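The file target_28.cif contains mmCIF, C-alpha atoms:
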data_model
loop_
_atom_site.label_atom_id
_atom_site.label_comp_id
_atom_site.auth_asym_id
_atom_site.auth_seq_id
_atom_site.Cartn_x
_atom_site.Cartn_y
_atom_site.Cartn_z
CA MET A 1 -27.09 5.95 -158.97
CA GLY A 2 -28.22 8.59 -161.41
CA THR A 3 -27.66 10.17 -164.77
CA LEU A 4 -25.07 12.77 -165.71
CA ILE A 5 -26.15 15.16 -168.41
CA ILE A 6 -23.35 17.00 -170.18
CA GLY A 7 -24.23 20.36 -171.72
CA GLY A 8 -26.92 22.65 -170.37
CA GLY A 9 -28.35 23.88 -173.66
CA LYS A 10 -32.04 23.53 -174.48
CA VAL A 11 -31.89 19.75 -174.80
CA GLY A 12 -29.76 19.24 -171.69
CA LEU A 13 -31.97 21.46 -169.57
CA TYR A 14 -35.19 19.89 -170.82
CA LEU A 15 -33.83 16.40 -170.21
CA THR A 16 -32.69 17.25 -166.67
CA GLN A 17 -36.07 18.75 -165.80
CA ARG A 18 -37.89 15.71 -167.20
CA PHE A 19 -35.71 13.36 -165.14
CA LEU A 20 -36.19 15.34 -161.94
CA GLU A 21 -39.96 15.62 -162.48
CA HIS A 22 -40.12 11.84 -162.62
CA ASP A 23 -37.99 11.52 -159.50
CA TYR A 24 -34.94 10.18 -161.31
CA ASP A 25 -31.65 11.51 -160.05
CA ALA A 26 -29.87 13.71 -162.59
CA THR A 27 -26.89 16.09 -162.53
CA LEU A 28 -26.31 18.66 -165.24
CA ILE A 29 -22.80 19.88 -166.14
CA GLU A 30 -22.33 23.21 -167.94
CA ASN A 31 -19.09 25.09 -168.59
CA ARG A 32 -20.30 28.44 -169.93
CA ARG A 33 -20.50 30.83 -166.99
CA GLU A 34 -23.47 32.85 -168.27
CA ARG A 35 -25.45 29.81 -169.24
CA TYR A 36 -24.70 28.19 -165.88
CA GLU A 37 -26.05 31.23 -164.04
CA LYS A 38 -29.20 31.09 -166.12
CA LEU A 39 -29.60 27.39 -165.33
CA CYS A 40 -29.40 28.18 -161.62
CA GLY A 41 -32.82 29.78 -161.93
CA GLU A 42 -34.28 26.70 -163.63
CA VAL A 43 -32.78 23.72 -161.82
CA ASP A 44 -32.03 23.19 -158.12
CA ALA A 45 -28.33 23.95 -157.44
CA SER A 46 -27.76 20.48 -156.00
CA HIS A 47 -28.29 19.09 -159.51
CA LEU A 48 -25.93 21.54 -161.22
CA ILE A 49 -22.16 21.49 -161.70
CA TYR A 50 -20.12 24.28 -163.27
CA GLY A 51 -17.07 23.06 -165.21
CA ASP A 52 -15.55 21.40 -168.25
CA ALA A 53 -16.84 17.82 -168.43
CA ALA A 54 -13.77 16.73 -170.39
CA GLU A 55 -11.85 17.24 -167.15
CA PRO A 56 -11.88 14.14 -164.94
CA SER A 57 -12.07 16.14 -161.70
CA VAL A 58 -15.31 17.77 -162.87
CA LEU A 59 -16.86 14.42 -163.77
CA GLU A 60 -15.86 13.04 -160.39
CA ARG A 61 -17.35 16.04 -158.59
CA ALA A 62 -20.58 15.35 -160.46
CA GLY A 63 -20.54 11.76 -159.18
CA ILE A 64 -19.57 9.82 -162.31
CA ARG A 65 -18.24 6.94 -160.24
CA SER A 66 -21.75 6.09 -159.11
CA ALA A 67 -23.61 7.16 -162.26
CA ASP A 68 -25.38 4.51 -164.28
CA ALA A 69 -25.78 6.64 -167.40
CA VAL A 70 -24.09 9.59 -169.08
CA VAL A 71 -25.81 11.63 -171.75
CA CYS A 72 -23.61 14.00 -173.79
CA VAL A 73 -25.63 16.73 -175.46
CA THR A 74 -23.24 19.64 -175.88
CA GLY A 75 -23.13 21.48 -179.18
CA ALA A 76 -19.57 20.32 -179.86
CA ASP A 77 -19.07 16.83 -181.26
CA GLU A 78 -15.47 16.62 -180.05
CA THR A 79 -16.60 17.32 -176.49
CA ASN A 80 -19.43 14.77 -176.67
CA LEU A 81 -16.96 12.21 -177.99
CA ILE A 82 -14.19 12.75 -175.49
CA VAL A 83 -16.59 12.77 -172.53
CA SER A 84 -18.14 9.54 -173.86
CA THR A 85 -14.70 7.98 -174.11
CA LEU A 86 -13.82 9.01 -170.56
CA ALA A 87 -17.18 7.86 -169.19
CA LYS A 88 -16.93 4.41 -170.74
CA MET A 89 -13.21 3.64 -170.72
CA GLU A 90 -12.08 5.41 -167.57
CA TYR A 91 -15.17 5.14 -165.36
CA GLY A 92 -16.96 2.11 -166.81
CA VAL A 93 -20.36 3.82 -166.98
CA ARG A 94 -22.93 1.24 -168.08
CA ARG A 95 -24.86 3.36 -170.53
CA VAL A 96 -23.36 6.22 -172.60
CA LEU A 97 -25.45 8.24 -175.02
CA ALA A 98 -24.27 11.08 -177.22
CA ARG A 99 -25.77 13.61 -179.54
CA VAL A 100 -24.36 13.97 -183.06
CA ASN A 101 -24.37 17.65 -184.04
CA ASN A 102 -22.78 17.43 -187.49
CA PRO A 103 -24.09 14.41 -189.42
CA LYS A 104 -20.69 14.17 -191.12
CA ASN A 105 -19.23 13.13 -187.78
CA ALA A 106 -21.79 10.38 -187.15
CA TRP A 107 -19.40 7.60 -188.13
CA VAL A 108 -17.16 8.37 -185.15
CA PHE A 109 -19.93 7.86 -182.58
CA THR A 110 -19.25 4.17 -182.00
CA PRO A 111 -18.38 1.87 -179.11
CA VAL A 112 -14.69 2.44 -179.95
CA MET A 113 -15.20 5.99 -178.68
CA GLY A 114 -17.28 4.76 -175.75
CA VAL A 115 -20.68 5.62 -177.28
CA ASP A 116 -23.40 2.98 -176.78
CA SER A 117 -26.11 4.93 -178.59
CA ALA A 118 -25.79 7.98 -180.80
CA VAL A 119 -28.68 10.33 -181.51
CA ASN A 120 -28.22 12.01 -184.86
CA VAL A 121 -30.78 14.80 -184.70
CA ALA A 122 -30.16 16.22 -188.17
CA ASP A 123 -30.48 12.79 -189.73
CA ILE A 124 -33.69 11.96 -187.87
CA THR A 125 -35.25 15.31 -188.77
CA ALA A 126 -34.22 15.03 -192.41
CA ARG A 127 -35.60 11.51 -192.71
CA MET A 128 -38.91 12.49 -191.14
CA LEU A 129 -39.23 15.49 -193.41
CA ALA A 130 -38.33 13.42 -196.47
CA GLU A 131 -40.86 10.79 -195.49
CA HIS A 132 -43.48 13.45 -195.04
CA MET A 133 -42.73 14.96 -198.43
CA GLU A 134 -42.78 11.60 -200.16
CA SER A 135 -46.20 10.76 -198.79
CA LYS A 136 -47.42 14.18 -199.92
CA LEU A 137 -45.94 13.46 -203.33
CA ASP A 138 -47.77 10.13 -203.43
CA ASP A 139 -51.04 11.91 -202.67
CA LYS A 140 -50.38 14.32 -205.49
CA ILE A 141 -49.69 11.55 -207.99
CA PHE A 142 -52.97 9.96 -207.10
CA GLU A 143 -54.86 13.22 -207.30
CA GLU A 144 -53.53 14.28 -210.67
CA ASN A 145 -53.37 10.96 -212.41
CA PRO A 146 -56.29 10.59 -214.90
CA ALA A 147 -56.02 6.82 -214.58
CA VAL A 148 -57.19 6.96 -210.99
CA ASP A 149 -60.74 5.76 -210.40
CA ARG A 150 -61.02 4.29 -213.90
CA PRO A 151 -61.36 0.63 -214.65
CA VAL A 152 -58.11 -1.16 -215.47
CA MET B 1 8.15 8.34 -192.84
CA LYS B 2 4.71 9.62 -193.73
CA ILE B 3 3.37 11.96 -191.05
CA ILE B 4 0.08 13.85 -190.72
CA VAL B 5 0.02 17.07 -188.70
CA VAL B 6 -3.44 18.28 -187.68
CA GLY B 7 -3.65 22.00 -186.86
CA CYS B 8 -1.34 24.46 -188.54
CA GLY B 9 -0.73 26.93 -185.71
CA ARG B 10 2.68 27.75 -184.27
CA MET B 11 3.39 24.23 -183.09
CA GLY B 12 1.82 22.43 -186.05
CA SER B 13 3.51 24.54 -188.70
CA GLY B 14 6.84 24.38 -186.86
CA LEU B 15 6.64 20.60 -186.60
CA ALA B 16 5.57 20.23 -190.25
CA ARG B 17 8.43 22.39 -191.50
CA THR B 18 10.99 20.58 -189.38
CA LEU B 19 9.76 17.17 -190.56
CA ASP B 20 9.74 18.39 -194.17
CA ARG B 21 13.31 19.63 -193.89
CA ALA B 22 14.27 16.22 -192.55
CA ASN B 23 12.84 14.72 -195.76
CA HIS B 24 9.74 13.15 -194.26
CA GLU B 25 6.52 13.02 -196.24
CA VAL B 26 4.27 15.52 -194.44
CA THR B 27 0.57 16.31 -194.85
CA VAL B 28 -0.92 19.20 -192.86
CA ILE B 29 -4.64 19.50 -192.08
CA ASP B 30 -6.28 22.75 -190.98
CA LEU B 31 -9.77 24.24 -190.98
CA HIS B 32 -8.53 27.42 -192.60
CA GLU B 33 -6.68 27.67 -195.89
CA SER B 34 -4.92 30.82 -194.63
CA ALA B 35 -3.20 28.86 -191.85
CA PHE B 36 -1.03 27.10 -194.43
CA GLU B 37 0.79 30.36 -195.12
CA ALA B 38 2.78 29.68 -191.94
CA LEU B 39 4.44 26.75 -193.71
CA GLY B 40 6.41 29.09 -195.94
CA SER B 41 7.19 28.81 -199.63
CA SER B 42 9.85 26.12 -199.24
CA PHE B 43 7.40 23.57 -197.79
CA ARG B 44 7.14 20.55 -200.09
CA GLY B 45 4.43 18.60 -198.24
CA LEU B 46 0.70 18.46 -198.91
CA THR B 47 -2.04 20.55 -197.32
CA VAL B 48 -5.66 19.48 -196.82
CA LYS B 49 -8.38 21.87 -195.70
CA GLY B 50 -10.88 20.33 -193.30
CA VAL B 51 -11.74 19.07 -189.80
CA GLY B 52 -9.06 16.81 -188.28
CA PHE B 53 -11.42 14.02 -187.35
CA ASP B 54 -13.49 14.05 -190.53
CA ARG B 55 -13.22 10.77 -192.42
CA ASN B 56 -12.96 12.35 -195.88
CA THR B 57 -10.31 14.79 -194.70
CA LEU B 58 -8.24 12.07 -193.08
CA THR B 59 -8.59 9.78 -196.10
CA LYS B 60 -7.58 12.60 -198.42
CA ALA B 61 -4.54 13.14 -196.21
CA GLY B 62 -3.62 9.50 -196.74
CA ILE B 63 -4.12 8.31 -193.17
CA ASP B 64 -4.39 4.66 -194.17
CA ARG B 65 -0.69 4.61 -195.06
CA SER B 66 0.65 6.98 -192.41
CA ASP B 67 3.36 6.13 -189.91
CA GLY B 68 2.45 8.84 -187.46
CA LEU B 69 -0.01 11.61 -186.63
CA ALA B 70 0.37 14.66 -184.40
CA ALA B 71 -2.82 16.45 -183.32
CA CYS B 72 -1.91 20.01 -182.38
CA THR B 73 -4.99 22.18 -182.83
CA SER B 74 -5.90 24.73 -180.15
CA SER B 75 -8.63 22.45 -178.73
CA ASP B 76 -7.74 19.67 -176.28
CA ASP B 77 -10.96 17.82 -177.05
CA THR B 78 -10.38 17.91 -180.80
CA ASN B 79 -6.80 16.73 -180.36
CA ALA B 80 -7.81 13.86 -178.11
CA VAL B 81 -10.64 12.73 -180.42
CA THR B 82 -8.44 13.02 -183.53
CA ALA B 83 -5.65 11.05 -181.87
CA ARG B 84 -8.00 8.34 -180.72
CA ILE B 85 -9.62 7.95 -184.14
CA ALA B 86 -6.22 7.80 -185.82
CA HIS B 87 -5.09 5.13 -183.39
CA GLU B 88 -8.24 3.05 -182.95
CA VAL B 89 -9.89 3.31 -186.36
CA PHE B 90 -7.03 3.82 -188.79
CA ARG B 91 -4.40 1.98 -186.73
CA VAL B 92 -1.76 4.67 -187.18
CA PRO B 93 1.23 3.26 -185.24
CA THR B 94 2.35 6.44 -183.50
CA VAL B 95 -0.11 9.10 -182.45
CA ILE B 96 0.38 12.10 -180.22
CA ALA B 97 -1.94 14.86 -179.02
CA ARG B 98 -1.07 18.29 -177.77
CA LEU B 99 -2.76 19.00 -174.48
CA TYR B 100 -3.11 22.41 -172.85
CA ASP B 101 -4.78 21.27 -169.64
CA PRO B 102 -2.26 19.30 -167.54
CA ALA B 103 -5.11 17.87 -165.43
CA LYS B 104 -6.23 15.75 -168.37
CA ALA B 105 -2.84 14.33 -169.28
CA GLU B 106 -2.86 11.34 -166.96
CA VAL B 107 -6.32 10.14 -168.00
CA TYR B 108 -5.59 10.57 -171.69
CA ARG B 109 -2.42 8.57 -171.23
CA ARG B 110 -4.51 5.80 -169.71
CA LEU B 111 -6.79 5.97 -172.76
CA GLY B 112 -3.78 5.20 -174.91
CA ILE B 113 -3.28 8.76 -176.13
CA GLN B 114 0.30 9.98 -175.84
CA THR B 115 0.21 13.65 -174.96
CA ILE B 116 2.54 16.60 -175.15
CA GLY B 117 1.58 19.11 -172.50
CA SER B 118 3.22 22.29 -173.71
CA ILE B 119 2.13 24.18 -170.61
CA SER B 120 3.27 21.62 -168.05
CA TRP B 121 6.53 21.18 -169.94
CA ALA B 122 7.18 24.92 -169.83
CA VAL B 123 6.24 25.11 -166.16
CA GLY B 124 8.57 22.23 -165.39
CA ARG B 125 11.43 23.80 -167.29
CA ALA B 126 10.91 27.20 -165.64
CA LEU B 127 10.78 25.57 -162.22
CA ASP B 128 13.92 23.67 -163.03
CA MET B 129 15.74 26.82 -164.05
CA LEU B 130 14.51 28.83 -161.09
CA SER B 131 15.20 26.28 -158.41
CA TYR B 132 18.24 24.36 -159.53
CA SER B 133 20.32 22.82 -156.82
CA LYS B 134 23.40 24.51 -155.57
CA LEU B 135 26.85 23.08 -155.22
CA ASP B 136 27.30 22.77 -151.47
CA VAL B 137 30.80 22.83 -150.03
CA ILE B 138 30.83 20.19 -147.28
CA GLU B 139 34.44 20.22 -146.34
CA THR B 140 37.64 21.91 -147.34
CA LEU B 141 40.32 19.26 -147.28
CA GLY B 142 43.96 19.67 -146.32
CA SER B 143 45.75 22.36 -144.38
CA ASN B 144 46.22 24.52 -147.47
CA GLY B 145 42.61 23.97 -148.63
CA GLY B 146 43.61 22.71 -152.03
CA VAL B 147 40.69 20.31 -152.44
CA GLU B 148 37.02 20.75 -151.66
CA LEU B 149 34.42 18.08 -151.00
CA LEU B 150 31.17 19.15 -152.59
CA HIS B 151 27.59 17.87 -152.43
CA VAL B 152 25.21 18.14 -155.37
CA VAL B 153 21.69 16.89 -156.13
CA VAL B 154 21.72 15.99 -159.81
CA ARG B 155 19.61 17.96 -162.23
CA PRO B 156 17.60 16.25 -164.99
CA LEU B 157 20.34 17.33 -167.38
CA LEU B 158 22.74 14.82 -165.85
CA VAL B 159 20.38 11.84 -165.72
CA GLY B 160 21.62 9.08 -168.00
CA HIS B 161 25.23 10.24 -167.94
CA LYS B 162 27.98 8.10 -166.48
CA ILE B 163 30.10 8.99 -163.48
CA LYS B 164 33.17 9.12 -165.73
CA ASP B 165 31.53 11.96 -167.69
CA LEU B 166 31.98 14.05 -164.54
CA SER B 167 35.52 12.98 -163.83
CA VAL B 168 38.62 14.83 -164.82
CA LEU B 169 41.77 12.89 -164.05
CA GLY B 170 43.74 14.52 -161.26
CA GLU B 171 41.19 17.30 -160.86
CA ILE B 172 37.62 16.12 -160.29
CA GLN B 173 36.49 12.82 -158.81
CA VAL B 174 33.04 11.60 -157.73
CA VAL B 175 33.75 9.84 -154.47
CA ALA B 176 30.29 8.78 -153.31
CA LEU B 177 26.75 8.52 -154.63
CA GLU B 178 23.60 8.51 -152.55
CA ARG B 179 20.61 6.81 -154.18
CA ARG B 180 17.29 6.04 -152.47
CA GLY B 181 18.84 6.20 -149.02
CA GLN B 182 21.84 4.01 -149.92
CA THR B 183 25.30 5.46 -150.28
CA MET B 184 27.95 3.78 -152.43
CA VAL B 185 31.25 4.42 -154.09
CA PRO B 186 30.33 4.60 -157.76
CA MET B 187 32.17 2.90 -160.61
CA GLU B 188 33.19 4.97 -163.58
CA ASN B 189 30.39 3.38 -165.63
CA THR B 190 27.65 3.88 -163.02
CA VAL B 191 24.74 5.64 -164.70
CA ILE B 192 23.34 8.69 -162.95
CA GLU B 193 19.63 8.51 -162.08
CA GLU B 194 17.02 11.08 -161.16
CA GLY B 195 17.24 12.10 -157.51
CA ASP B 196 20.84 10.94 -157.09
CA GLN B 197 23.10 12.94 -154.79
CA LEU B 198 26.77 13.12 -155.56
CA TYR B 199 29.76 13.79 -153.36
CA VAL B 200 32.54 15.20 -155.46
CA ALA B 201 36.14 15.91 -154.55
CA ALA B 202 37.53 18.70 -156.70
CA HIS B 203 40.72 20.64 -156.84
CA ILE B 204 40.08 24.27 -156.07
CA VAL B 205 41.19 25.41 -159.51
CA SER B 206 38.78 22.98 -161.19
CA ILE B 207 35.62 24.12 -159.36
CA GLY B 208 34.63 26.39 -162.22
CA GLN B 209 34.87 23.53 -164.66
CA LEU B 210 32.78 21.32 -162.38
CA GLN B 211 30.16 24.04 -162.12
CA GLU B 212 29.96 24.18 -165.86
CA MET B 213 29.55 20.43 -166.13
CA LEU B 214 26.83 20.39 -163.50
CA GLY B 215 25.23 23.65 -164.53
CA VAL B 216 25.09 24.85 -160.92
CA GLU B 217 26.38 27.59 -158.67
CA ARG B 218 28.76 27.11 -155.80
CA VAL B 219 27.72 28.28 -152.34
CA LYS B 220 30.02 28.42 -149.42
#
What is this structure when it is put down as structure tokens?
Amino acid sequence: MGTLIIGGGKVGLYLTQRFLEHDYDATLIENRRERYEKLCGEVDASHLIYGDAAEPSVLERAGIRSADAVVCVTGADETNLIVSTLAKMEYGVRRVLARVNNPKNAWVFTPVMGVDSAVNVADITARMLAEHMESKLDDKIFEENPAVDRPV
Amino acid sequence: MKIIVVGCGRMGSGLARTLDRANHEVTVIDLHESAFEALGSSFRGLTVKGVGFDRNTLTKAGIDRSDGLAACTSSDDTNAVTARIAHEVFRVPTVIARLYDPAKAEVYRRLGIQTIGSISWAVGRALDMLSYSKLDVIETLGSNGGVELLHVVVRPLLVGHKIKDLSVLGEIQVVALERRGQTMVPMENTVIEEGDQLYVAAHIVSIGQLQEMLGVERVK
């Protein structure tokens, strides 16, 4: 039992540390040599795997057969998608989550590609910012409108 | 047929040009406009600049009425994702992906993605050429040694051919065939399978011809 995290960037590292702090089992897979060496100083080596997660042997070494969740957070959508497909279709992982890097690719992150839940960071950020700006705009309308505070 | 080729490198451009010459309707997708130069001036197909698994790009390339798609970019992951989208989402009947890493081929095949492993193919071919079986002389028959009995393990080249393709009346005759531990006298229409071993009687003057047919060397 445990979670496989694919991609040891800022998000992947943070997620792994959070899991381990809360005593959940997690294994992080990273395929950039330099980044992997940096991660070795941050996460215990028993929770780290060096290799390409799109390669079945690497996923198996990381324990995908007994994993109950896989989280794909690399910076490459094609990698997140193909690992999701492998995790769901080949290994039957119960829960597969993937990060959408380019919002234009969001439509592909579906159960057909093995993705149970997609996290579209750019979309979420943009929506929050837009919401924020709209509420600011509303405030401004109220402030500047001479009709405010006058009887109807 | 209408075919989409994703990735206009050496393989993609070569495939696109060959299909175009054979009068198929070809559309090539690549990230870089400059890649299309490899298609040459005689290319009559369409080119679309964009990512191979982008919906707009694929729609612009006419994927909804395509008979086939070949994903041959330099990234295995991109090829696999593109192939899967083409097959699962757009229901393109025939989809193939180029795969560099032979370790992934089997799993991708199980995911319904037909792959072409250019590396494993080349390795297989090289191995084949380097280690082809020799024509072993088992016995020299007759007091004057006019006929030799030879043993040969068939090469992939021969698979699918019939015994009669190897026979030359009065000169070369396949006398026995060993297949999966069983030895039989083959009929002239028996089809040669992978792993078969043949016992061939050949007149001494016809050995050269037999070697040519089998593509092997003779060792004494």
Open item on the list: Based on all atoms listed in the file, which of the residues in chain A come within 6 Å of chain B? I want them as a PyMOL selection string.
Closed with: chain A and resi 55+78-79
Taking C-alpha atoms for each residue, export the selection above as a compact mmCIF listing (two decimals), in the frame of the given file.
# COMPACT_ATOMS: atom_id res chain seq x y z
CA GLU A 55 -11.85 17.24 -167.15
CA GLU A 78 -15.47 16.62 -180.05
CA THR A 79 -16.60 17.32 -176.49
Open item on the list: I need the output of the PyMOL selection byres ((chain A and resi 51) around 6) for this file as an NGL selection string; which residues are they?
Closed with: :A and (30-31 or 50 or 52)
- [ ] Given the file shown, determine the residues that the PyMOL selection byres ((chain B and resi 37) around 12) selects; report them as a PyMOL selection string.
- [x] chain B and resi 8-10+13-14+17+28+30+32-36+38-43+47
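Considering the residues B:Gln182, B:Gln211, B:Thr73, B:Thr190 and counting all atoms listed in the file, Asp165 of chain B has its shortest atom-to-atom contact with B:Thr190.
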- [ ] Determine the residue membership of the PyMOL selection byres ((chain B and resi 153-157) around 7) for the file above and supply it as a list in words.
- [x]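 With the PyMOL selection byres ((chain B and resi 153-157) around 7) on this model, the match is Ser133, Val152, Leu158, Val159, Glu194, Gly195, Asp196, Gln197 and Leu198 of chain B.
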Task: Contacts of Gly63 of chain A within 10 Å, all atoms listed in the file, excl. fewer than 2 positions in-chain, as a PyMOL selection string - done: chain A and resi 1-4+27+57-61+65-67
TODO: Tell me, as a PyMOL selection string, which residues lie within 10 Å of segment 19-21 of chain A, counting only C-alpha atoms; anything in the same chain fewer than 3 positions away does not count.
DONE: chain A and resi 2-3+13-16+24-27+43-44+47
Open item on the list: Counting all atoms listed in the file, which residue out of B:Ala97, B:Leu19, B:Val92, B:Leu46 sits closest to Arg65 of chain B?
Closed with: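 Among B:Ala97, B:Leu19, B:Val92, B:Leu46, it is B:Val92 that comes nearest to Arg65 of chain B.
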- [ ] Within 8 Å of (-21.0, 4.5, -177.4) (coordinates as in the file), grab all the protein and nucleic acid residues, counting only C-alpha atoms, and write them out as a ChimeraX atom specification.
- [x] /A:84-85,88,95-98,109-118
TODO: Determine the nearest neighbour of Arg91 of chain B from the options B:Val200, B:Met11, B:Val147, B:Leu69, counting only C-alpha atoms.
DONE: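 Answer, going by the shortest atom-to-atom distance: B:Leu69.
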